[in-house]
Structures are given as C-alpha cells and as structure tokens.
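Read the structure below first, then the notes.
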Amino acid sequence: MSFKKNHIDIISMGCSKNLIDSERMIRRLEAKGYTVSHDPKKPNGEYVMVNTCGFIGDAKEESINMLLNLGNLKAKKKIGKIAAMGCLTERYLKELQAEIPEIDRIYGKFDWDTFVNELPDLKESERPKEWDRTLTTPPHSAYIKISEGCNRFCAFCAIPLITGRHKSRPIEEILEEVEDLTNRGVKEFNVIAQDLSSYGKDLYGEHRLAELINRMADINGVEWIRLHYAYPADFPLEVLDVMAKRENVCKYLDIALQHISDSQLRRMRRHIDKKGTLRLLKEIRERVPGIKIRTTLMVGFPGETEEDFEELLEFVRAQRFDRMGAFAYSEEDDTYAALNYEDDVDAETKQRRLDTLMAEQEKISEELGDKQVGERVRLIVDEYEGKTAICRSQWDSPEVDLTYRVSNTDARPGEMIMAQVTEAMPFDFIAEEDKTIELVINK
C-alpha cells in the first residue's frame with residue numbers, strides 16, 4: 001500500500017464557484033482530523049475527491065478523463081479510493097456509476113457534506129460554520145459566493161438544470177464571512193454568482209446587490225471588491241453608483257453578453273435585445289468613469305448566419321472591450337436549444353468564427369495595452385518568480401486577466417504598491433515601483 005492513510009486529496013475542476021465548495025470541504029475534513037491536499041501534482045491519498053465540472057463539452061470531458069486517470073492510479077494502488085462530486089455528477093450520477101465503476105463514492109453538487117459525515121472522526125472538534133473554509137487561493141485574496149443557481153434558463157445553458165433556482169445568501173451571513181476573512185489577512189474579495197444581477201430578489205423581494213457591496217466596502221481591511229458574472233437583463237443600475245463612489249470597489253465588471261444580433265439574442269432567450277444591450281453598456285461607462293468591462297461571447301449558436309456573425313464582429317470593434325473571452329456553442333443535454341434547435345453550424349465554421357473574433361480582440365487588447373504605457377497603477381503583489389513580483393491591478397481578476405511584472409520591488413505577497421507601466425507585452429505588462437506615492441489603506 002503506497003497511499004497515505006487518513007490523507008485526502010481534493011481536485012477542483014471548473015469555475016471558482018466549485019473552488020469555494022472544495023474549500024468548505026477541506027475545512028470540514030481538517031476539523032475531523034484528516035490531512036488534506038488541494039490539486040496535488042501526484043495524488044496519493046486514502047481518498048481522492050474530484051469536484052467535477054459539467055458546464056460545456058470540453059469541461060465534462062476533462063472531468064471524465066481525470067476520473068479515468070485516477071482509476072488507473074487506483075489499480076496500481078497509488079491511491080486508495082475515488083470519490084466524485086460537483087456539477088457533472090449532479091447531472092449524470094447514474095451514468096457515471098455505470099460507466100466508471102472505479103468511483104467508490106459519488107455525490108451530487110449539494111450533498112457532498114454526506115461524504116464528510118460518512119468518514120470516521122479522527123479527533124473531536126466543533127463543527128465549522130456553514131460558510132467556513134480553508135483558502136486554497138493566496139492568503140490575501142478570496143472568492144465570495146453570494147448566491148447559487150439561476151432563474152434565467154438561457155437556451156444554451158444547463159446551469160439551472162444542475163444548480164436549480166436562484167438562491168441568495170443572507171446579507172448578514174456574507175458580511176460575517178467577509179469580516180472573518182479580513183481578520184485572517186484577506187484584502188481582495190472577488191464576488192461571484194451565476195447571476196449577480198438577481199441578488200436579493202428571492203430573499204428580500206428587490207435588488208440588494210448595491211446594499212451588499214456598499215456594506216462590504218465599509219468593513220475594515222477590505223481593499224478591493226470585484227464583481228463577477230452579472231446578467232445584462234434587469235441589471236441593478238444602483239450598484240454602479242456604489243462602484244463610482246467607493247474607492248475599494250474595483251472599477252471592473254464581468255458581464256456575459258453572449259451576442260448582439262437581435263435574432264441570436266432572441267433564440268438564445270437572453271431577455272434583452274441589441275438596443276437594450278447598447279444602452280446598458282453606455283450607462284455603465286457613463287456612471288463609472290474608467291471602468292473596464294470583461295465579457296464573454298458565443299459563436300456558432302444554432303441559426304447564426306454570416307450576417308449575425310459580422311454584426312457581432314462589428315460590435316466588438318466598436319465596443320473595444322478591455323477583457324473578452326469567447327467560445328463556440330456546444331449542445332448541452334435537455335436545454336431548450338438541444339430540444340428545439342438543430343445544431344446547424346458546422347464545427348469548421350464555428351472554429352473559423354471563433355478564431356476571427358479572438359484575433360480581432362487580440363488587436364484591440366494590444367492597442368489598449370500600448371495606451372497604458374506610462375500610466376501609474378496601484379498593484380497587489382500575488383507572488384514572485386525569482387526576483388520579479390507578479391502583480392495585478394484592480395482591473396485584473398485572478399488567473400483570467402493580465403499581470404504586471406515588477407522587478408524593482410521588495411514588497412511581500414499581499415502588499416500593495418504603486419507602479420509605472422514601462423512596457424506592454426501580449427499577456428502582461430512590465431512596470432517599475434514608484435515609491436514617491438504613498439498608498440492610502442482601508443483601515
């Protein structure tokens with residue numbers, strides 16, 4: 001037997017919302033006396049738990065391949081048992097049990113706590129609070145999930161089928177978690193949800209995102225609050241005023257638009273049209289000067305014509321998004337699109353359109369980056385590569401956005417510095433610390 005007894009490896013697949021569930025599990029397992037490794041390079045635990053992703057075809061395939069690879073390690077006795085949880089198991093639990101019998105224990109997205117409860121206690125300790133977790137991110141940065149689920153039912157998306165209806169967390173509970181994390185040294189809070197725009201409506205009967213963010217900004221030690229995954233229809237405009245007024249609310253918004261063609265937006269069931277989208281983008285930029293918008297777009301949805309795609313391409317040219325991602329449509333079981341539309345855009349056309357769109361965005365990003373040379377920016381130090389500090393600005397979310405490489409600083413990870421951008425590279429900036437400017441810290 002070569003695996004470690006009373007040791008559990010947790011492997012997180014997919015998005016940061018999954019990561020939070022993994023962190024909560026780690027905290028509970030540690031409270032029971034187990035040692036836990038997160039995303040180990042060489043799993044060797046008595047159990048290996050895979051938190052699966054089931055969003056699109058590529059993500060599902062990645063999760064399945066991980067489980068199969070672990071099955072090989074189990075056969076060689078390099079690991080003990082395999083467990084699985086998350087979005088993929090929520091949708092395909094019975095199928096996975098039948099097709100991958102190497103999985104010893106399998107749970108849905110929301111009943112993973114059963115796995116923890118089934119394991120014997122190795123020590124007596126008080127059960128952690130529901131939201132308590134062991135951070136796997138750098139100690140100065142954390143994700144905060146403020147709601148689960150979604151009521152939108154876009155034609156292409158399986159998320160509501162996996163996570164269920166939108167369910168907001170109470171404001172007071174979120175604030176308690178934020179205060180706890182600031183006491184542990186967290187400065188940056190990346191607020192996430194499947195649909196930020198709907199926050200509070202189910203609990204309070206009205207939008208409460210602006211109130212939540214404003215009260216979070218009041219908490220001592222909160223340096224940055226960044227908003228991810230807003231929905232364009234029924235967007236809570238009052239949060240823009242909070243963003244404009246509060247220095248520690250980042251001038252950054254992640255809002256997935258998917259398309260701009262009215263015919264595509266209608267077929268996608270996005271609950272907004274081109275006119276409404278353009279009006280919203282104009283208002284966001286007017287009410288929050290200097291904001292940088294991240295969006296996600298889709299090509300190859302059923303019925304997308306060349307005219308639809310050219311309209312999308314022109315939209316990207318005109319809007320000049322600071323951050324943009326795109327993907328090709330992938331049919332998802334039981335969604336409205338899968339049940340009602342023929343997947344009539346061939347794979348080659350999808351890839352050509354995706355490549356064209358991303359090439360256009362690459363040019364825009366390069367031009368925007370060049371304009372930033374000479375600017376002074378406030379940065380947080382994430383880590384070091386040798387003697388070079390790898391940093392981010394308020395406009396850059398962890399892992400998905402740009403970084404700044406600063407070689408003339410001795411600031412520690414988690415500290416903030418002022419720096420001047422000296423060079424723009426394809427995927428990051430070169431900058432030098434400017435020690436003549438004193439930072440104002442939120443205390």
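Letters A, B, ... go to the chains of the structure tokens in the order shown; residues in each chain start at 1; ligands are counted from 1 in the same order.
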For this session: Just the residues within 6 Å of range 223-231 of chain A, please, counting only C-alpha atoms, with nothing from its chain fewer than 5 positions along; format it as a list in words.
Result: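 So the residues in contact are Lys187, Glu188, Phe189, Asn190, Val191, Ile192, Asp195, Leu196, Ser197, Asn248, Val249, Cys250, Leu253, Asp254, Ile255 and Asn442 of chain A.
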For this session: Step one, run DSSP on the backbone; step two, keep only residues of range 197-396 of chain A assigned to alpha helix (DSSP H); then write them as a ChimeraX atom specification.
Result: /A:201-204,209-217,238-245,262-268,274-287,306-319,336-340,347-372
Exercise. If you measure from CA of Gly386 in chain A to CA of Asp322 in chain A, what distance in Å do you get, rounded to one decimal?
Worked result: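 CA of Asp322 in chain A lies at a distance of 29.2 Å from CA of Gly386 in chain A.
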For this session: Considering only C-alpha atoms, return as JSON, numbers by chain whatever protein or nucleic-acid residues lie within 8 Å of Ile364 in chain A, sequence-local ones (same chain, fewer than 2 positions apart) excluded.
Result: {"A": [317, 320, 321, 360, 361, 362, 366, 367, 368]}
Within 12 Å of range 73-96 of chain A, which residues of range 6-36 of chain A come that close, and what is the closest atom pair and distance in Å for each? Count only C-alpha atoms and give it as a tab-separated table.
```
residue	atom	partner	partner_atom	distance
A:Asn6	CA	A:Gly80	CA	10.2
A:His7	CA	A:Gly80	CA	9.7
A:Ile8	CA	A:Gly80	CA	9.4
A:Asp9	CA	A:Ile79	CA	9.4
A:Ile10	CA	A:Ala83	CA	9.3
A:Ile11	CA	A:Ala84	CA	9.5
A:Ser12	CA	A:Gly86	CA	9.1
A:Met13	CA	A:Gly86	CA	8.8
A:Gly14	CA	A:Cys87	CA	9.2
A:Cys15	CA	A:Cys87	CA	10.5
A:Lys17	CA	A:Gly86	CA	10.3
A:Asn18	CA	A:Gly86	CA	7.3
A:Leu19	CA	A:Gly86	CA	10.2
A:Ile20	CA	A:Gly86	CA	11.5
A:Asp21	CA	A:Gly86	CA	8.7
A:Ser22	CA	A:Gly86	CA	9.5
A:Met25	CA	A:Met85	CA	11.0
```
Exercise. For His259 in chain A, which residue out of A:Trp131, A:Tyr329, A:Tyr199, A:Phe235 is the nearest one, using only C-alpha atoms?
Worked result: A:Tyr329
For this session: Compare A:Gly149, A:Gly276, A:Gly414, A:Gly108 by their minimum atom-to-atom distance to Gly164 in chain A, counting only C-alpha atoms, and give me the closest one.
Result: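 Looking at the shortest contact to Gly164 in chain A, the residue is A:Gly149.
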So which residues touch range 57-67 of chain A within 8 Å, counting only C-alpha atoms, skipping near sequence neighbours fewer than 2 positions away, as a compact mmCIF listing (two decimals) with all heavy atoms, in the first residue's frame?
```txt
# COMPACT_ATOMS: atom_id res chain seq x y z
N MET A 13 -12.22 20.97 -10.37
CA MET A 13 -12.34 21.23 -11.80
C MET A 13 -13.31 22.40 -12.01
O MET A 13 -14.20 22.64 -11.20
CB MET A 13 -12.88 19.99 -12.53
CG MET A 13 -12.27 18.67 -12.09
SD MET A 13 -10.57 18.44 -12.64
CE MET A 13 -10.80 18.16 -14.39
N GLY A 14 -13.13 23.12 -13.09
CA GLY A 14 -14.12 24.14 -13.45
C GLY A 14 -13.91 25.47 -12.76
O GLY A 14 -12.78 25.91 -12.54
N VAL A 50 -12.85 14.24 -6.48
CA VAL A 50 -12.84 15.11 -7.66
C VAL A 50 -14.11 15.94 -7.66
O VAL A 50 -15.22 15.39 -7.68
CB VAL A 50 -12.75 14.29 -8.97
CG1 VAL A 50 -12.71 15.23 -10.18
CG2 VAL A 50 -11.52 13.39 -8.96
N THR A 52 -16.17 17.86 -9.86
CA THR A 52 -16.28 17.87 -11.32
C THR A 52 -16.97 19.11 -11.86
O THR A 52 -17.72 19.79 -11.15
CB THR A 52 -17.05 16.63 -11.80
OG1 THR A 52 -18.38 16.68 -11.24
CG2 THR A 52 -16.36 15.35 -11.38
N CYS A 53 -16.74 19.37 -13.14
CA CYS A 53 -17.41 20.45 -13.87
C CYS A 53 -18.28 19.84 -14.96
O CYS A 53 -17.88 18.88 -15.62
CB CYS A 53 -16.38 21.40 -14.47
SG CYS A 53 -17.11 22.77 -15.42
N GLY A 54 -19.45 20.41 -15.18
CA GLY A 54 -20.35 19.88 -16.21
C GLY A 54 -20.91 20.96 -17.10
O GLY A 54 -21.99 20.81 -17.67
N PHE A 55 -20.16 22.07 -17.26
CA PHE A 55 -20.70 23.24 -17.95
C PHE A 55 -20.81 23.04 -19.46
O PHE A 55 -21.86 23.16 -20.05
CB PHE A 55 -19.85 24.47 -17.63
CG PHE A 55 -20.32 25.73 -18.32
CD1 PHE A 55 -21.66 26.08 -18.31
CD2 PHE A 55 -19.43 26.54 -18.96
CE1 PHE A 55 -22.11 27.23 -18.95
CE2 PHE A 55 -19.86 27.70 -19.60
CZ PHE A 55 -21.19 28.04 -19.59
N ASN A 69 -8.16 8.58 -15.23
CA ASN A 69 -6.74 8.55 -14.86
C ASN A 69 -6.56 8.12 -13.40
O ASN A 69 -5.64 7.35 -13.07
CB ASN A 69 -6.10 9.92 -15.07
CG ASN A 69 -5.95 10.27 -16.54
OD1 ASN A 69 -5.90 9.38 -17.40
ND2 ASN A 69 -5.89 11.56 -16.85
N LEU A 70 -7.45 8.62 -12.55
CA LEU A 70 -7.38 8.21 -11.15
C LEU A 70 -7.71 6.72 -11.00
O LEU A 70 -7.15 6.04 -10.13
CB LEU A 70 -8.35 9.04 -10.31
CG LEU A 70 -7.97 10.51 -10.13
CD1 LEU A 70 -9.10 11.27 -9.43
CD2 LEU A 70 -6.68 10.65 -9.33
N GLY A 71 -8.58 6.21 -11.88
CA GLY A 71 -8.87 4.78 -11.87
C GLY A 71 -7.62 3.95 -12.13
O GLY A 71 -7.41 2.90 -11.52
N ILE A 82 -11.70 6.43 -4.78
CA ILE A 82 -12.07 7.60 -5.58
C ILE A 82 -13.47 8.03 -5.20
O ILE A 82 -14.40 7.22 -5.11
CB ILE A 82 -12.02 7.28 -7.09
CG1 ILE A 82 -10.62 6.82 -7.50
CG2 ILE A 82 -12.44 8.50 -7.91
CD1 ILE A 82 -10.55 6.28 -8.91
N LEU A 88 -20.99 17.78 -12.77
CA LEU A 88 -21.13 16.63 -13.66
C LEU A 88 -21.86 15.49 -12.97
O LEU A 88 -22.74 14.86 -13.57
CB LEU A 88 -19.74 16.17 -14.12
CG LEU A 88 -19.75 15.07 -15.19
CD1 LEU A 88 -20.30 15.61 -16.50
CD2 LEU A 88 -18.34 14.52 -15.41
N ILE A 100 -18.13 4.33 -15.04
CA ILE A 100 -16.83 4.40 -14.37
C ILE A 100 -16.96 3.72 -13.01
O ILE A 100 -17.06 4.38 -11.97
CB ILE A 100 -16.34 5.85 -14.22
CG1 ILE A 100 -16.45 6.60 -15.55
CG2 ILE A 100 -14.88 5.88 -13.73
CD1 ILE A 100 -15.97 8.04 -15.49
N ILE A 103 -15.18 4.52 -9.48
CA ILE A 103 -15.59 5.51 -8.49
C ILE A 103 -16.24 4.79 -7.31
O ILE A 103 -17.21 4.05 -7.47
CB ILE A 103 -16.59 6.52 -9.10
CG1 ILE A 103 -15.97 7.24 -10.30
CG2 ILE A 103 -17.02 7.53 -8.04
CD1 ILE A 103 -16.93 8.15 -11.02
N SER A 330 -21.73 24.62 -27.80
CA SER A 330 -21.69 23.17 -27.61
C SER A 330 -23.04 22.74 -27.07
O SER A 330 -23.49 23.24 -26.03
CB SER A 330 -20.57 22.81 -26.62
OG SER A 330 -20.63 21.45 -26.26
N GLU A 331 -23.70 21.84 -27.76
CA GLU A 331 -25.04 21.42 -27.35
C GLU A 331 -25.02 20.70 -26.02
O GLU A 331 -24.22 19.78 -25.80
CB GLU A 331 -25.64 20.51 -28.42
CG GLU A 331 -27.09 20.14 -28.16
CD GLU A 331 -27.70 19.35 -29.30
OE1 GLU A 331 -28.18 19.97 -30.27
OE2 GLU A 331 -27.66 18.10 -29.24
N GLU A 332 -25.90 21.12 -25.11
CA GLU A 332 -25.98 20.54 -23.78
C GLU A 332 -27.32 19.81 -23.62
O GLU A 332 -28.37 20.37 -23.94
CB GLU A 332 -25.85 21.62 -22.72
CG GLU A 332 -24.50 22.31 -22.70
CD GLU A 332 -23.37 21.35 -22.41
OE1 GLU A 332 -23.51 20.55 -21.46
OE2 GLU A 332 -22.35 21.40 -23.12
```
Problem set entry | Proximity to Ala337 in chain A - best of A:Gln264, A:Arg165, A:Leu203, A:Ser2, only C-alpha atoms |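 Among the listed residues, the smallest separation from Ala337 in chain A belongs to A:Gln264.
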Exercise. What is the CA of Arg294 in chain A to CA of Glu348 in chain A distance in Å?
Worked result: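 It comes out at 26.6 Å.
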Exercise. Which neighbours of Glu342 in chain A fall inside 10 Å, counting only C-alpha atoms, when residues of the same chain fewer than 2 positions from it are skipped, and could you give them as JSON, numbers by chain?
Worked result: {"A": [301, 302, 303, 331, 337, 338, 339, 340, 344, 345]}
Problem set entry | Backbone-only DSSP, strand (DSSP E) members of range 91-299 of chain A, as number ranges by chain | A: 105-106, 141-145, 147-148, 167-168, 188-192, 224-230, 249-255, 292-299
Serialized selection, N, CA, C and O atoms, as a short mmCIF file (atom, residue, chain, number, x, y, z; two decimals), in the first residue's frame:
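Saved as selection.cif:
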```
data_model
loop_
_atom_site.label_atom_id
_atom_site.label_comp_id
_atom_site.auth_asym_id
_atom_site.auth_seq_id
_atom_site.Cartn_x
_atom_site.Cartn_y
_atom_site.Cartn_z
N ARG A 105 -17.33 6.35 -4.29
CA ARG A 105 -18.41 7.13 -3.68
C ARG A 105 -18.72 8.30 -4.60
O ARG A 105 -17.82 8.98 -5.09
N ILE A 106 -20.00 8.55 -4.81
CA ILE A 106 -20.39 9.60 -5.74
C ILE A 106 -21.52 10.43 -5.14
O ILE A 106 -22.45 9.88 -4.52
N SER A 141 -6.24 36.93 -0.94
CA SER A 141 -7.32 37.00 -1.93
C SER A 141 -8.29 35.86 -1.74
O SER A 141 -7.88 34.72 -1.45
N ALA A 142 -9.59 36.14 -1.89
CA ALA A 142 -10.60 35.09 -1.73
C ALA A 142 -11.79 35.36 -2.63
O ALA A 142 -12.09 36.50 -2.98
N TYR A 143 -12.47 34.28 -2.99
CA TYR A 143 -13.75 34.38 -3.70
C TYR A 143 -14.87 34.36 -2.67
O TYR A 143 -14.79 33.66 -1.65
N ILE A 144 -15.92 35.12 -2.95
CA ILE A 144 -17.11 35.15 -2.09
C ILE A 144 -18.32 34.82 -2.96
O ILE A 144 -18.67 35.57 -3.86
N LYS A 145 -18.94 33.68 -2.69
CA LYS A 145 -20.13 33.28 -3.45
C LYS A 145 -21.36 33.80 -2.72
O LYS A 145 -21.62 33.43 -1.58
N SER A 147 -24.62 33.82 -4.07
CA SER A 147 -25.86 33.12 -4.39
C SER A 147 -25.52 31.87 -5.18
O SER A 147 -24.41 31.69 -5.66
N GLU A 148 -26.51 31.02 -5.30
CA GLU A 148 -26.37 29.78 -6.07
C GLU A 148 -27.54 29.68 -7.02
O GLU A 148 -28.61 30.25 -6.78
N LYS A 167 -30.82 31.27 -5.58
CA LYS A 167 -30.99 31.32 -4.12
C LYS A 167 -29.90 32.21 -3.53
O LYS A 167 -28.72 31.86 -3.50
N SER A 168 -30.30 33.37 -3.03
CA SER A 168 -29.36 34.33 -2.45
C SER A 168 -29.01 33.94 -1.02
O SER A 168 -29.84 33.42 -0.26
N GLU A 188 -8.49 41.20 -0.77
CA GLU A 188 -9.19 41.25 -2.06
C GLU A 188 -10.33 40.25 -2.06
O GLU A 188 -10.14 39.07 -1.77
N PHE A 189 -11.52 40.72 -2.42
CA PHE A 189 -12.71 39.87 -2.42
C PHE A 189 -13.33 39.86 -3.82
O PHE A 189 -13.80 40.89 -4.30
N ASN A 190 -13.30 38.69 -4.45
CA ASN A 190 -13.89 38.52 -5.77
C ASN A 190 -15.28 37.94 -5.59
O ASN A 190 -15.45 36.76 -5.28
N VAL A 191 -16.27 38.81 -5.74
CA VAL A 191 -17.66 38.43 -5.52
C VAL A 191 -18.17 37.68 -6.75
O VAL A 191 -18.08 38.17 -7.87
N ILE A 192 -18.70 36.48 -6.52
CA ILE A 192 -19.13 35.65 -7.64
C ILE A 192 -20.54 35.09 -7.41
O ILE A 192 -20.99 34.92 -6.28
N TRP A 224 -10.09 45.62 -1.94
CA TRP A 224 -10.68 45.52 -3.28
C TRP A 224 -11.89 44.60 -3.25
O TRP A 224 -11.86 43.52 -2.65
N ILE A 225 -12.95 45.03 -3.91
CA ILE A 225 -14.13 44.19 -4.15
C ILE A 225 -14.34 44.18 -5.66
O ILE A 225 -14.43 45.23 -6.29
N ARG A 226 -14.41 43.00 -6.23
CA ARG A 226 -14.52 42.90 -7.70
C ARG A 226 -15.74 42.03 -8.04
O ARG A 226 -15.96 40.99 -7.41
N LEU A 227 -16.53 42.45 -9.02
CA LEU A 227 -17.82 41.80 -9.32
C LEU A 227 -17.73 40.92 -10.56
O LEU A 227 -17.31 41.37 -11.64
N HIS A 228 -18.21 39.68 -10.41
CA HIS A 228 -18.14 38.71 -11.49
C HIS A 228 -19.51 38.10 -11.80
O HIS A 228 -20.24 37.72 -10.88
N TYR A 229 -19.78 38.00 -13.08
CA TYR A 229 -20.91 37.27 -13.64
C TYR A 229 -22.26 37.95 -13.41
O TYR A 229 -23.19 37.38 -12.87
N ALA A 230 -22.30 39.22 -13.83
CA ALA A 230 -23.59 39.92 -13.87
C ALA A 230 -24.34 39.52 -15.13
O ALA A 230 -23.75 39.06 -16.11
N VAL A 249 -14.13 49.55 -4.19
CA VAL A 249 -14.90 48.73 -5.14
C VAL A 249 -14.27 48.91 -6.51
O VAL A 249 -14.24 50.02 -7.05
N CYS A 250 -13.71 47.85 -7.04
CA CYS A 250 -12.95 47.94 -8.28
C CYS A 250 -13.83 48.43 -9.43
O CYS A 250 -15.01 48.06 -9.54
N LYS A 251 -13.24 49.24 -10.29
CA LYS A 251 -13.93 49.72 -11.49
C LYS A 251 -13.82 48.64 -12.56
O LYS A 251 -13.12 48.77 -13.57
N TYR A 252 -14.51 47.55 -12.30
CA TYR A 252 -14.40 46.33 -13.11
C TYR A 252 -15.73 45.61 -13.03
O TYR A 252 -16.32 45.49 -11.96
N LEU A 253 -16.21 45.12 -14.17
CA LEU A 253 -17.45 44.37 -14.18
C LEU A 253 -17.35 43.24 -15.19
O LEU A 253 -17.05 43.46 -16.36
N ASP A 254 -17.61 42.04 -14.71
CA ASP A 254 -17.67 40.86 -15.58
C ASP A 254 -19.13 40.59 -15.89
O ASP A 254 -19.91 40.23 -15.01
N ILE A 255 -19.52 40.82 -17.14
CA ILE A 255 -20.92 40.69 -17.56
C ILE A 255 -20.98 39.97 -18.90
O ILE A 255 -20.54 40.50 -19.92
N LYS A 292 -13.48 49.10 -16.54
CA LYS A 292 -13.08 48.13 -17.56
C LYS A 292 -14.06 46.97 -17.49
O LYS A 292 -14.36 46.44 -16.42
N ILE A 293 -14.58 46.60 -18.65
CA ILE A 293 -15.61 45.58 -18.73
C ILE A 293 -15.01 44.29 -19.30
O ILE A 293 -14.32 44.31 -20.31
N ARG A 294 -15.28 43.18 -18.61
CA ARG A 294 -14.97 41.86 -19.15
C ARG A 294 -16.27 41.22 -19.61
O ARG A 294 -17.28 41.27 -18.89
N THR A 295 -16.26 40.63 -20.80
CA THR A 295 -17.45 39.94 -21.26
C THR A 295 -17.08 38.63 -21.92
O THR A 295 -15.92 38.34 -22.20
N THR A 296 -18.11 37.81 -22.12
CA THR A 296 -17.97 36.53 -22.82
C THR A 296 -18.97 36.50 -23.97
O THR A 296 -20.13 36.91 -23.80
N LEU A 297 -18.52 36.03 -25.13
CA LEU A 297 -19.37 35.96 -26.32
C LEU A 297 -19.37 34.54 -26.86
O LEU A 297 -18.44 33.76 -26.64
N MET A 298 -20.44 34.21 -27.58
CA MET A 298 -20.60 32.88 -28.15
C MET A 298 -20.76 32.95 -29.66
O MET A 298 -21.48 33.83 -30.17
N VAL A 299 -20.11 32.05 -30.36
CA VAL A 299 -20.30 31.93 -31.81
C VAL A 299 -20.86 30.55 -32.11
O VAL A 299 -20.72 29.61 -31.34
#
```
For this session: Do a neighbour search on Arg208 in chain A at 12 Å with only C-alpha atoms, toss out local chain neighbours closer than 4 positions, and write the hits as a PyMOL selection string.
Result: chain A and resi 146-147+168-171+196-204+212-215+235-239+242
Exercise. So which one's closest to Glu177 in chain A, A:Glu130, A:Glu102, A:Glu211, A:Glu247? Using only C-alpha atoms, please.
Worked result: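 So, comparing all the options, the nearest one is A:Glu130.
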For this session: Have a look at CA of Arg323 in chain A and CA of Leu257 in chain A and let me know their distance in Å, one decimal.
Result: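 CA of Leu257 in chain A lies 12.5 Å from CA of Arg323 in chain A.
Distances from A:Leu281, A:Pro40, A:Asp382, A:Asp355 to Ile417 in chain A were compared using only C-alpha atoms, and the smallest one belongs to A:Asp382.
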For this session: Identify, on the basis of only C-alpha atoms, every residue whose closest approach to Glu179 in chain A does not exceed 9 Å; exclude the query and any residue fewer than 5 positions from it along the same chain; express the result as a ChimeraX atom specification.
Result: /A:174,184,216,219-222
